[in-house]
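Content type compact mmCIF, C-alpha atoms, from the file start16.txt:
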```txt
# COMPACT_ATOMS: atom_id res chain seq x y z
CA MET A 1 3.54 46.27 2.49
CA THR A 2 3.45 43.25 0.21
CA ILE A 3 3.98 43.98 -3.45
CA PRO A 4 1.88 41.66 -5.64
CA LEU A 5 3.85 39.65 -8.13
CA ALA A 6 3.32 40.54 -11.76
CA PRO A 7 1.89 37.73 -13.91
CA SER A 8 4.69 35.68 -15.44
CA ARG A 9 4.83 35.05 -19.15
CA THR A 10 6.88 31.88 -18.73
CA GLU A 11 5.39 29.78 -15.93
CA ASN A 12 2.08 27.93 -15.63
CA LEU A 13 1.55 27.98 -19.37
CA ASN A 14 -0.11 24.56 -19.32
CA VAL A 15 -2.12 25.08 -16.12
CA LEU A 16 -5.84 25.48 -16.74
CA SER A 17 -6.77 26.53 -13.21
CA PHE A 18 -5.93 26.47 -9.52
CA ALA A 19 -8.50 25.32 -6.96
CA PRO A 20 -8.42 25.45 -3.15
CA LEU A 21 -7.38 22.22 -1.44
CA VAL A 22 -8.64 21.22 1.99
CA THR A 23 -5.83 21.36 4.53
CA PRO A 24 -4.78 18.32 6.56
CA ASN A 25 -5.96 19.95 9.79
CA GLU A 26 -9.34 20.81 8.30
CA LEU A 27 -9.84 17.21 7.19
CA LYS A 28 -8.70 15.82 10.53
CA THR A 29 -11.07 18.19 12.35
CA LEU A 30 -13.93 16.90 10.19
CA LEU A 31 -12.87 13.25 10.65
CA PRO A 32 -10.75 13.00 13.80
CA LEU A 33 -8.75 9.95 14.75
CA THR A 34 -10.83 8.04 17.30
CA ALA A 35 -9.40 6.13 20.24
CA ALA A 36 -10.46 2.80 18.72
CA ALA A 37 -8.87 3.59 15.36
CA GLU A 38 -5.66 4.81 16.98
CA ALA A 39 -5.38 1.62 19.01
CA THR A 40 -5.77 -0.45 15.82
CA VAL A 41 -3.12 1.54 13.97
CA LEU A 42 -0.57 1.33 16.79
CA ALA A 43 -1.16 -2.37 17.36
CA GLY A 44 -0.94 -3.04 13.61
CA ARG A 45 2.34 -1.17 13.31
CA ARG A 46 3.85 -2.98 16.31
CA ALA A 47 2.77 -6.36 14.99
CA ALA A 48 4.24 -5.67 11.55
CA GLN A 49 7.48 -4.39 13.08
CA ASP A 50 7.80 -7.45 15.32
CA ILE A 51 7.27 -9.82 12.40
CA LEU A 52 9.68 -7.99 10.10
CA HIS A 53 12.40 -7.91 12.75
CA GLY A 54 11.95 -11.57 13.71
CA ARG A 55 10.44 -11.01 17.14
CA ASP A 56 7.14 -12.60 16.05
CA ASP A 57 7.14 -15.75 13.90
CA ARG A 58 3.69 -15.16 12.43
CA LEU A 59 3.22 -14.27 8.75
CA LEU A 60 2.30 -10.70 7.81
CA ALA A 61 -0.54 -10.94 5.27
CA ILE A 62 -1.51 -7.82 3.31
CA VAL A 63 -4.85 -8.73 1.76
CA GLY A 64 -7.50 -6.82 -0.12
CA PRO A 65 -8.64 -5.22 -3.38
CA CYS A 66 -6.14 -4.16 -6.00
CA SER A 67 -7.81 -0.76 -5.71
CA ILE A 68 -10.77 0.75 -3.88
CA HIS A 69 -13.45 2.13 -6.17
CA ASP A 70 -16.70 1.76 -4.21
CA TYR A 71 -17.07 2.80 -0.56
CA ASP A 72 -19.85 0.43 0.45
CA GLN A 73 -18.25 -2.57 -1.23
CA ALA A 74 -14.96 -1.80 0.53
CA VAL A 75 -16.71 -1.67 3.90
CA ALA A 76 -18.51 -4.94 3.19
CA TYR A 77 -15.17 -6.56 2.35
CA ALA A 78 -13.60 -5.10 5.50
CA HIS A 79 -16.27 -6.62 7.74
CA ARG A 80 -15.57 -10.07 6.29
CA LEU A 81 -11.81 -9.67 6.56
CA ALA A 82 -11.99 -8.35 10.12
CA ALA A 83 -13.89 -11.46 11.21
CA LEU A 84 -11.48 -13.75 9.37
CA ARG A 85 -8.49 -11.90 10.83
CA GLU A 86 -9.63 -12.91 14.31
CA ARG A 87 -9.91 -16.58 13.30
CA VAL A 88 -6.31 -16.75 12.03
CA SER A 89 -4.62 -14.31 14.41
CA ASP A 90 -2.55 -17.02 16.10
CA ARG A 91 -0.59 -17.63 12.87
CA LEU A 92 -1.18 -14.54 10.73
CA GLU A 93 -1.21 -10.76 11.12
CA VAL A 94 -3.81 -9.76 8.53
CA GLN A 95 -4.02 -6.15 7.36
CA MET A 96 -6.31 -4.80 4.64
CA ARG A 97 -5.14 -3.27 1.39
CA VAL A 98 -6.86 0.12 1.10
CA TYR A 99 -5.17 1.28 -2.10
CA VAL A 100 -6.57 4.59 -3.29
CA ASP A 101 -3.79 6.17 -5.40
CA LYS A 102 -2.89 4.19 -8.52
CA PRO A 103 0.29 4.64 -10.57
CA ARG A 104 -0.22 4.35 -14.31
CA THR A 105 2.29 3.34 -16.96
CA THR A 106 0.71 5.83 -19.39
CA VAL A 107 -2.82 7.05 -18.63
CA GLY A 108 -5.91 5.63 -16.96
CA TRP A 109 -8.05 5.95 -13.85
CA ARG A 110 -5.79 7.30 -11.12
CA GLY A 111 -7.67 5.88 -8.18
CA TYR A 112 -10.26 6.71 -5.54
CA LEU A 113 -8.18 9.50 -3.99
CA MET A 114 -7.60 11.44 -7.20
CA ASP A 115 -10.85 10.65 -9.06
CA PRO A 116 -13.51 9.25 -6.70
CA ASP A 117 -16.30 9.74 -9.27
CA MET A 118 -14.35 7.68 -11.84
CA ASN A 119 -15.11 10.10 -14.66
CA GLY A 120 -11.99 12.23 -14.95
CA SER A 121 -13.48 15.07 -12.89
CA GLY A 122 -10.59 15.02 -10.42
CA HIS A 123 -12.59 15.90 -7.30
CA ILE A 124 -9.56 15.48 -5.04
CA ASN A 125 -11.14 17.14 -2.00
CA LYS A 126 -13.95 14.58 -2.17
CA GLY A 127 -11.40 11.81 -2.63
CA LEU A 128 -9.47 12.93 0.44
CA GLU A 129 -12.60 13.00 2.59
CA LEU A 130 -13.87 9.61 1.40
CA THR A 131 -10.42 8.04 1.78
CA ARG A 132 -10.00 9.26 5.34
CA ARG A 133 -13.57 8.26 6.21
CA LEU A 134 -13.02 4.76 4.81
CA MET A 135 -9.69 4.25 6.56
CA LEU A 136 -11.25 5.42 9.80
CA GLU A 137 -14.18 3.02 9.46
CA VAL A 138 -11.93 0.07 8.60
CA SER A 139 -9.60 0.83 11.53
CA GLU A 140 -12.52 1.05 13.94
CA LEU A 141 -13.34 -2.57 13.06
CA GLY A 142 -9.97 -3.51 14.55
CA LEU A 143 -8.59 -4.16 11.07
CA PRO A 144 -5.29 -2.35 10.31
CA VAL A 145 -5.05 -0.41 7.06
CA ALA A 146 -2.27 -0.98 4.50
CA THR A 147 -1.75 1.31 1.52
CA GLU A 148 0.69 2.38 -1.18
CA LEU A 149 2.49 5.72 -0.92
CA LEU A 150 2.32 7.66 -4.17
CA ASP A 151 1.39 11.34 -3.81
CA PRO A 152 3.98 13.21 -1.70
CA PHE A 153 1.34 15.30 0.13
CA ALA A 154 -0.92 12.35 1.01
CA PRO A 155 0.73 11.35 4.32
CA GLN A 156 -0.34 14.55 6.04
CA TYR A 157 -3.98 13.78 5.28
CA PHE A 158 -4.44 10.17 6.37
CA PHE A 159 -1.24 8.36 7.30
CA ASP A 160 -2.17 8.57 10.98
CA LEU A 161 -4.62 5.82 9.96
CA VAL A 162 -2.06 3.60 8.17
CA ALA A 163 -0.41 0.61 9.85
CA TRP A 164 1.72 -0.52 6.86
CA SER A 165 2.71 1.06 3.57
CA CYS A 166 4.85 0.45 0.52
CA LEU A 167 6.37 1.92 -2.60
CA GLY A 168 5.39 0.36 -5.89
CA ALA A 169 7.66 -0.91 -8.65
CA ARG A 170 7.51 2.45 -10.45
CA THR A 171 8.36 4.57 -7.40
CA THR A 172 10.93 2.50 -5.50
CA GLU A 173 13.68 4.01 -7.66
CA SER A 174 12.36 7.58 -7.21
CA GLN A 175 14.55 9.76 -5.01
CA THR A 176 11.52 11.81 -3.96
CA HIS A 177 9.68 8.72 -2.73
CA ARG A 178 12.70 7.20 -1.03
CA VAL A 179 13.23 10.39 0.94
CA LEU A 180 9.51 10.69 1.66
CA SER A 181 9.53 7.11 3.00
CA SER A 182 12.00 8.22 5.65
CA SER A 183 9.21 10.32 7.16
CA ILE A 184 6.63 7.50 7.41
CA SER A 185 5.96 6.16 10.91
CA ALA A 186 4.65 2.83 9.62
CA PRO A 187 6.73 -0.07 8.25
CA MET A 188 7.52 0.41 4.56
CA GLY A 189 7.83 -2.25 1.87
CA PHE A 190 9.84 -1.56 -1.29
CA LYS A 191 8.95 -3.50 -4.43
CA ASN A 192 11.54 -4.60 -6.93
CA GLY A 193 11.46 -2.62 -10.16
CA THR A 194 9.26 -3.42 -13.14
CA GLY A 195 12.32 -4.95 -14.80
CA GLY A 196 12.73 -7.33 -11.87
CA GLY A 197 15.82 -5.77 -10.32
CA ILE A 198 15.96 -6.46 -6.57
CA LYS A 199 19.00 -4.36 -5.66
CA LEU A 200 17.20 -1.10 -6.34
CA ALA A 201 14.65 -2.05 -3.66
CA VAL A 202 17.49 -2.73 -1.22
CA ASP A 203 19.07 0.61 -2.13
CA ALA A 204 15.72 2.29 -1.43
CA ILE A 205 15.57 0.70 2.04
CA VAL A 206 19.05 1.98 2.83
CA ALA A 207 18.13 5.49 1.64
CA ALA A 208 14.90 5.55 3.65
CA ARG A 209 16.66 4.45 6.85
CA HIS A 210 18.50 7.77 6.96
CA GLY A 211 17.12 11.15 7.95
CA HIS A 212 16.50 13.66 5.17
CA ALA A 213 15.16 17.15 4.50
CA LEU A 214 12.42 17.47 1.91
CA PHE A 215 9.73 19.78 0.58
CA GLY A 216 6.30 19.21 2.13
CA ILE A 217 3.25 20.80 3.70
CA ASP A 218 2.33 21.23 7.32
CA GLY A 219 -1.06 20.65 8.91
CA ASP A 220 -2.31 24.03 7.73
CA GLY A 221 -1.28 23.38 4.16
CA ARG A 222 1.70 25.72 4.18
CA ALA A 223 4.78 24.78 2.20
CA CYS A 224 7.53 23.78 4.59
CA ILE A 225 10.80 21.93 5.03
CA VAL A 226 10.25 18.49 6.54
CA ASN A 227 13.16 17.02 8.52
CA THR A 228 12.88 13.26 9.05
CA ARG A 229 14.33 10.62 11.42
CA GLY A 230 14.50 7.79 8.89
CA ASN A 231 12.43 4.61 8.69
CA PRO A 232 14.06 1.52 10.28
CA ASP A 233 11.34 -0.90 9.15
CA GLY A 234 12.01 -1.26 5.43
CA HIS A 235 11.66 -4.61 3.68
CA VAL A 236 11.80 -5.99 0.13
CA ILE A 237 8.65 -6.97 -1.75
CA LEU A 238 9.21 -9.43 -4.60
CA ARG A 239 6.58 -8.87 -7.31
CA GLY A 240 8.27 -10.33 -10.41
CA GLY A 241 9.45 -8.44 -13.46
CA ARG A 242 9.60 -8.42 -17.23
CA SER A 243 11.57 -11.68 -17.24
CA GLY A 244 8.94 -13.45 -15.14
CA PRO A 245 8.22 -14.42 -11.51
CA ASN A 246 10.76 -14.00 -8.71
CA TYR A 247 9.10 -15.67 -5.71
CA THR A 248 10.96 -18.98 -5.96
CA PRO A 249 13.75 -19.96 -3.52
CA GLN A 250 16.68 -18.67 -5.61
CA PHE A 251 15.17 -15.18 -5.81
CA VAL A 252 14.26 -15.12 -2.13
CA LYS A 253 17.85 -16.08 -1.32
CA GLU A 254 19.16 -13.38 -3.67
CA ALA A 255 17.04 -10.76 -1.93
CA ALA A 256 18.12 -11.97 1.51
CA ASP A 257 21.79 -11.94 0.49
CA LEU A 258 21.52 -8.43 -0.94
CA MET A 259 19.92 -7.17 2.27
CA THR A 260 22.58 -8.83 4.39
CA ALA A 261 25.35 -7.33 2.23
CA ALA A 262 23.80 -3.90 2.76
CA GLY A 263 23.89 -4.35 6.52
CA LEU A 264 20.15 -5.02 6.77
CA SER A 265 18.30 -7.80 8.54
CA PRO A 266 16.66 -9.85 5.74
CA ALA A 267 12.91 -9.31 5.64
CA ILE A 268 11.06 -10.26 2.47
CA MET A 269 7.44 -10.17 1.39
CA VAL A 270 6.12 -11.87 -1.74
CA ASP A 271 3.40 -10.23 -3.83
CA CYS A 272 1.27 -13.05 -5.25
CA SER A 273 -0.05 -10.85 -8.05
CA HIS A 274 1.58 -8.83 -10.85
CA ALA A 275 4.41 -10.61 -12.68
CA ASN A 276 4.60 -13.34 -10.04
CA SER A 277 1.24 -14.63 -11.24
CA GLY A 278 1.57 -13.45 -14.83
CA SER A 279 -1.33 -11.07 -14.03
CA ASP A 280 -3.57 -14.16 -13.85
CA HIS A 281 -5.52 -14.07 -10.60
CA THR A 282 -6.14 -17.82 -10.73
CA ARG A 283 -2.38 -18.33 -10.25
CA GLN A 284 -2.17 -16.27 -7.06
CA PRO A 285 -2.97 -19.34 -4.90
CA LEU A 286 0.01 -21.17 -6.46
CA VAL A 287 2.35 -18.37 -5.40
CA TRP A 288 0.77 -18.20 -1.94
CA ARG A 289 1.27 -21.93 -1.36
CA ASP A 290 4.86 -21.79 -2.61
CA VAL A 291 5.62 -19.09 -0.02
CA LEU A 292 4.08 -21.23 2.72
CA HIS A 293 6.15 -24.21 1.57
CA GLN A 294 9.36 -22.18 1.65
CA ARG A 295 8.62 -20.98 5.17
CA ARG A 296 7.90 -24.50 6.34
CA SER A 297 11.17 -25.57 4.73
CA GLY A 298 13.06 -23.12 6.91
CA GLN A 299 13.31 -19.88 4.88
CA LYS A 300 13.04 -17.47 7.79
CA ALA A 301 13.68 -14.36 5.67
CA LEU A 302 10.14 -14.72 4.26
CA ARG A 303 8.13 -12.55 6.64
CA GLY A 304 5.13 -11.50 4.57
CA VAL A 305 2.82 -12.18 1.66
CA MET A 306 0.44 -9.99 -0.34
CA LEU A 307 -2.81 -11.16 -1.94
CA GLU A 308 -5.02 -9.11 -4.27
CA SER A 309 -8.52 -10.12 -3.24
CA ASN A 310 -12.05 -8.79 -3.61
CA LEU A 311 -15.61 -9.84 -2.92
CA ASN A 312 -15.83 -11.43 -6.36
CA PRO A 313 -13.08 -12.79 -8.62
CA GLY A 314 -11.60 -11.33 -11.79
CA LYS A 315 -11.71 -7.80 -13.11
CA GLN A 316 -13.95 -5.63 -15.24
CA THR A 317 -13.38 -2.84 -17.72
CA LEU A 318 -14.11 0.68 -16.57
CA THR A 319 -16.45 2.44 -19.02
CA ASP A 320 -18.51 5.64 -19.03
CA ASP A 321 -21.54 3.64 -17.85
CA LEU A 322 -20.66 3.18 -14.19
CA SER A 323 -24.07 1.62 -13.51
CA ALA A 324 -22.94 -1.39 -15.54
CA LEU A 325 -20.15 -2.26 -13.10
CA GLY A 326 -20.60 -5.53 -11.28
CA PRO A 327 -20.43 -5.43 -7.47
CA GLY A 328 -17.23 -6.37 -5.71
CA VAL A 329 -15.18 -6.89 -8.88
CA SER A 330 -11.88 -5.08 -9.44
CA VAL A 331 -11.62 -2.32 -12.05
CA THR A 332 -7.81 -2.57 -12.10
CA ASP A 333 -5.85 -5.82 -11.65
CA ALA A 334 -7.81 -9.06 -11.39
CA CYS A 335 -8.34 -10.35 -7.85
CA VAL A 336 -9.21 -13.68 -6.29
CA GLY A 337 -12.72 -13.82 -4.86
CA TRP A 338 -13.74 -14.08 -1.23
CA ASP A 339 -14.13 -17.86 -1.17
CA ASP A 340 -10.52 -18.35 -2.30
CA THR A 341 -9.34 -15.63 0.07
CA GLU A 342 -10.92 -17.33 3.06
CA ALA A 343 -9.59 -20.75 2.04
CA LEU A 344 -6.02 -19.46 1.56
CA LEU A 345 -5.91 -17.64 4.89
CA LEU A 346 -7.33 -20.63 6.76
CA GLU A 347 -4.86 -22.91 5.01
CA ALA A 348 -1.95 -20.64 6.00
CA ALA A 349 -3.16 -20.69 9.60
CA GLY A 350 -3.43 -24.48 9.61
CA HIS A 351 -7.20 -24.47 10.12
```
structure tokens encoding of this file:
Amino acid sequence: MTIPLAPSRTENLNVLSFAPLVTPNELKTLLPLTAAAEATVLAGRRAAQDILHGRDDRLLAIVGPCSIHDYDQAVAYAHRLAALRERVSDRLEVQMRVYVDKPRTTVGWRGYLMDPDMNGSGHINKGLELTRRLMLEVSELGLPVATELLDPFAPQYFFDLVAWSCLGARTTESQTHRVLSSSISAPMGFKNGTGGGIKLAVDAIVAARHGHALFGIDGDGRACIVNTRGNPDGHVILRGGRSGPNYTPQFVKEAADLMTAAGLSPAIMVDCSHANSGSDHTRQPLVWRDVLHQRRSGQKALRGVMLESNLNPGKQTLTDDLSALGPGVSVTDACVGWDDTEALLLEAAGH
């Protein structure tokens, strides 16, 4: 006989309510992984792995909106990117940013996964379903999905649809996220910290390469101990810091040297946005072209580049009047528009 626990007078004092959460297996039963999507994910992972480990001399290009906030607009963008991916596939491995979980320095909209209605209602079950549905639809186009790992339970719900992932500047130093990264079957990028420190990203790669035990949930939503193999496909992402950009040759060399000293094969991606562009989307092309120049000058440690891109350029402020939002314009960081995206990818491919 199970004896019910008496209500505690010390815990959950700030919790307003508990609500049922869909389990990973329930969501996957509703939206199962199709054969076409699975083939895209596996091919995308293999391509990224081959590039990062120097077996493929193409450039890994992670391209797409800073954050997803509208399903139909994301699908429209994916159709364009899928077609462009085919045109440049001889020189580039293009994967789409499908970023749905947004870290915040203080407060703000937490992303499509946590608040799909963009009004603070926190309909997470809806966010999980829409996120999985979107990733499935994008993958079925033959376009691999790339995303940021933030919530520790998220991988059980949709990471079977992810070809590449990363930790952001705020989470690379987190022990929880480093250990969680060791469980991810896709290649993982680790951004330098918000202060610009590169070594902490290298330390995170080393930590994630090892097996760990961590708290998690299984497919039925039960709390469990997760034992991991370790992730051998970690790489540094240079995104700049408080002191300014860090995509130039001296910083790339510093990152490569730090990886080598840690016993790692140097593999570096440059994020064209954030501090590398001074949060000015019109400067992203300058960073992109500098990366291409460094590669052509013989810097083989540069294996990837990231571009924040949307249907239309710039960004807009999120207000209570969602009907006032312009189509295809970011509600988080400013993005380059589609015309610039197409031109930059074609330029990188030599077309």
- Query: Expressed in Å to a single decimal, how great is the separation between atom CA of Asp257 of chain A and atom CA of Ile237 of chain A?
  - Reply: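 Atom CA of Ile237 of chain A lies at a distance of 14.2 Å from atom CA of Asp257 of chain A.
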- Between A:Pro313, A:Gly298, A:Gly64, A:Gly219, single out the one closest to Lys28 of chain A, counting all atoms listed in the file.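 Answer, going by the shortest atom-to-atom distance: A:Gly219.
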- Query: Nearest to Asn231 of chain A: which of A:Ser182, A:Ser277, A:Ala261, A:Val88 is it, counting only C-alpha atoms?
  - Reply: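 Selected residue with least distance to Asn231 of chain A: A:Ser182.
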- Task: Could you please determine the separation between atom CA of Ala48 of chain A and atom CA of Gln73 of chain A in Å, to one decimal place?
- Result: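 Computed distance, atom CA of Ala48 of chain A to atom CA of Gln73 of chain A, equals 26.1 Å.
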- Task: Rank A:Arg45, A:Arg58, A:Lys126, A:Arg170 by their smallest atom-to-atom distance to Val145 of chain A, using only C-alpha atoms, and report the top residue only.
- Result: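 Nearest candidate to Val145 of chain A out of A:Arg45, A:Arg58, A:Lys126, A:Arg170: A:Arg45.
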- Query: Please, what distance in Å, to one decimal, runs between atom CA of Pro103 of chain A and atom CA of Ala207 of chain A?
  - Reply: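 Here the two named atoms are 21.6 Å from each other.
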- Message: So that I can check the surroundings of Val162 of chain A, please list as a ChimeraX atom specification every protein, DNA and RNA residue that reaches within 10 Å of it, counting all atoms listed in the file and ignoring chain neighbours fewer than 5 positions away.
- Response: /A:37-38,40-42,44-45,95,98,135-136,139,144-148,155,184-187
- Query: Which of these, A:Ser309, A:Ser17, A:Gln284, A:Ser323, has the shortest distance to Met118 of chain A once you count all atoms listed in the file?
  - Reply: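 Residue with the minimum atom-to-atom distance to Met118 of chain A: A:Ser323.
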Could you complete segment 24-45 of chain A so that it carries N, CA and C atoms, and give it back as a CSV table (one decimal), keeping the file's coordinate frame?
```
chain,number,residue,atom,x,y,z
A,24,PRO,N,-4.8,19.5,5.7
A,24,PRO,CA,-4.8,18.3,6.6
A,24,PRO,C,-5.5,18.6,7.9
A,25,ASN,N,-5.3,19.7,8.5
A,25,ASN,CA,-6.0,20.0,9.8
A,25,ASN,C,-7.5,20.1,9.6
A,26,GLU,N,-7.9,20.7,8.5
A,26,GLU,CA,-9.3,20.8,8.3
A,26,GLU,C,-10.0,19.4,8.1
A,27,LEU,N,-9.3,18.6,7.4
A,27,LEU,CA,-9.8,17.2,7.2
A,27,LEU,C,-9.8,16.4,8.5
A,28,LYS,N,-8.8,16.6,9.3
A,28,LYS,CA,-8.7,15.8,10.5
A,28,LYS,C,-9.7,16.4,11.6
A,29,THR,N,-10.0,17.6,11.5
A,29,THR,CA,-11.1,18.2,12.4
A,29,THR,C,-12.4,17.6,12.0
A,30,LEU,N,-12.7,17.5,10.7
A,30,LEU,CA,-13.9,16.9,10.2
A,30,LEU,C,-14.0,15.4,10.5
A,31,LEU,N,-12.9,14.7,10.4
A,31,LEU,CA,-12.9,13.2,10.6
A,31,LEU,C,-11.7,12.9,11.6
A,32,PRO,N,-11.9,13.2,12.9
A,32,PRO,CA,-10.8,13.0,13.8
A,32,PRO,C,-10.4,11.5,14.0
A,33,LEU,N,-9.2,11.3,14.4
A,33,LEU,CA,-8.8,10.0,14.8
A,33,LEU,C,-9.4,9.6,16.1
A,34,THR,N,-10.2,8.5,16.1
A,34,THR,CA,-10.8,8.0,17.3
A,34,THR,C,-9.9,7.2,18.1
A,35,ALA,N,-10.2,7.0,19.4
A,35,ALA,CA,-9.4,6.1,20.2
A,35,ALA,C,-9.3,4.7,19.7
A,36,ALA,N,-10.4,4.2,19.2
A,36,ALA,CA,-10.5,2.8,18.7
A,36,ALA,C,-9.6,2.7,17.5
A,37,ALA,N,-9.7,3.6,16.6
A,37,ALA,CA,-8.9,3.6,15.4
A,37,ALA,C,-7.4,3.7,15.7
A,38,GLU,N,-7.1,4.6,16.6
A,38,GLU,CA,-5.7,4.8,17.0
A,38,GLU,C,-5.1,3.5,17.6
A,39,ALA,N,-5.9,2.9,18.4
A,39,ALA,CA,-5.4,1.6,19.0
A,39,ALA,C,-5.1,0.6,17.9
A,40,THR,N,-6.0,0.5,16.9
A,40,THR,CA,-5.8,-0.4,15.8
A,40,THR,C,-4.5,-0.1,15.0
A,41,VAL,N,-4.3,1.1,14.7
A,41,VAL,CA,-3.1,1.5,14.0
A,41,VAL,C,-1.8,1.2,14.7
A,42,LEU,N,-1.8,1.6,16.0
A,42,LEU,CA,-0.6,1.3,16.8
A,42,LEU,C,-0.3,-0.2,17.0
A,43,ALA,N,-1.3,-0.9,17.2
A,43,ALA,CA,-1.2,-2.4,17.4
A,43,ALA,C,-0.7,-3.0,16.0
A,44,GLY,N,-1.3,-2.5,14.9
A,44,GLY,CA,-0.9,-3.0,13.6
A,44,GLY,C,0.5,-2.7,13.3
A,45,ARG,N,0.9,-1.5,13.6
A,45,ARG,CA,2.3,-1.2,13.3
A,45,ARG,C,3.3,-2.0,14.1
```
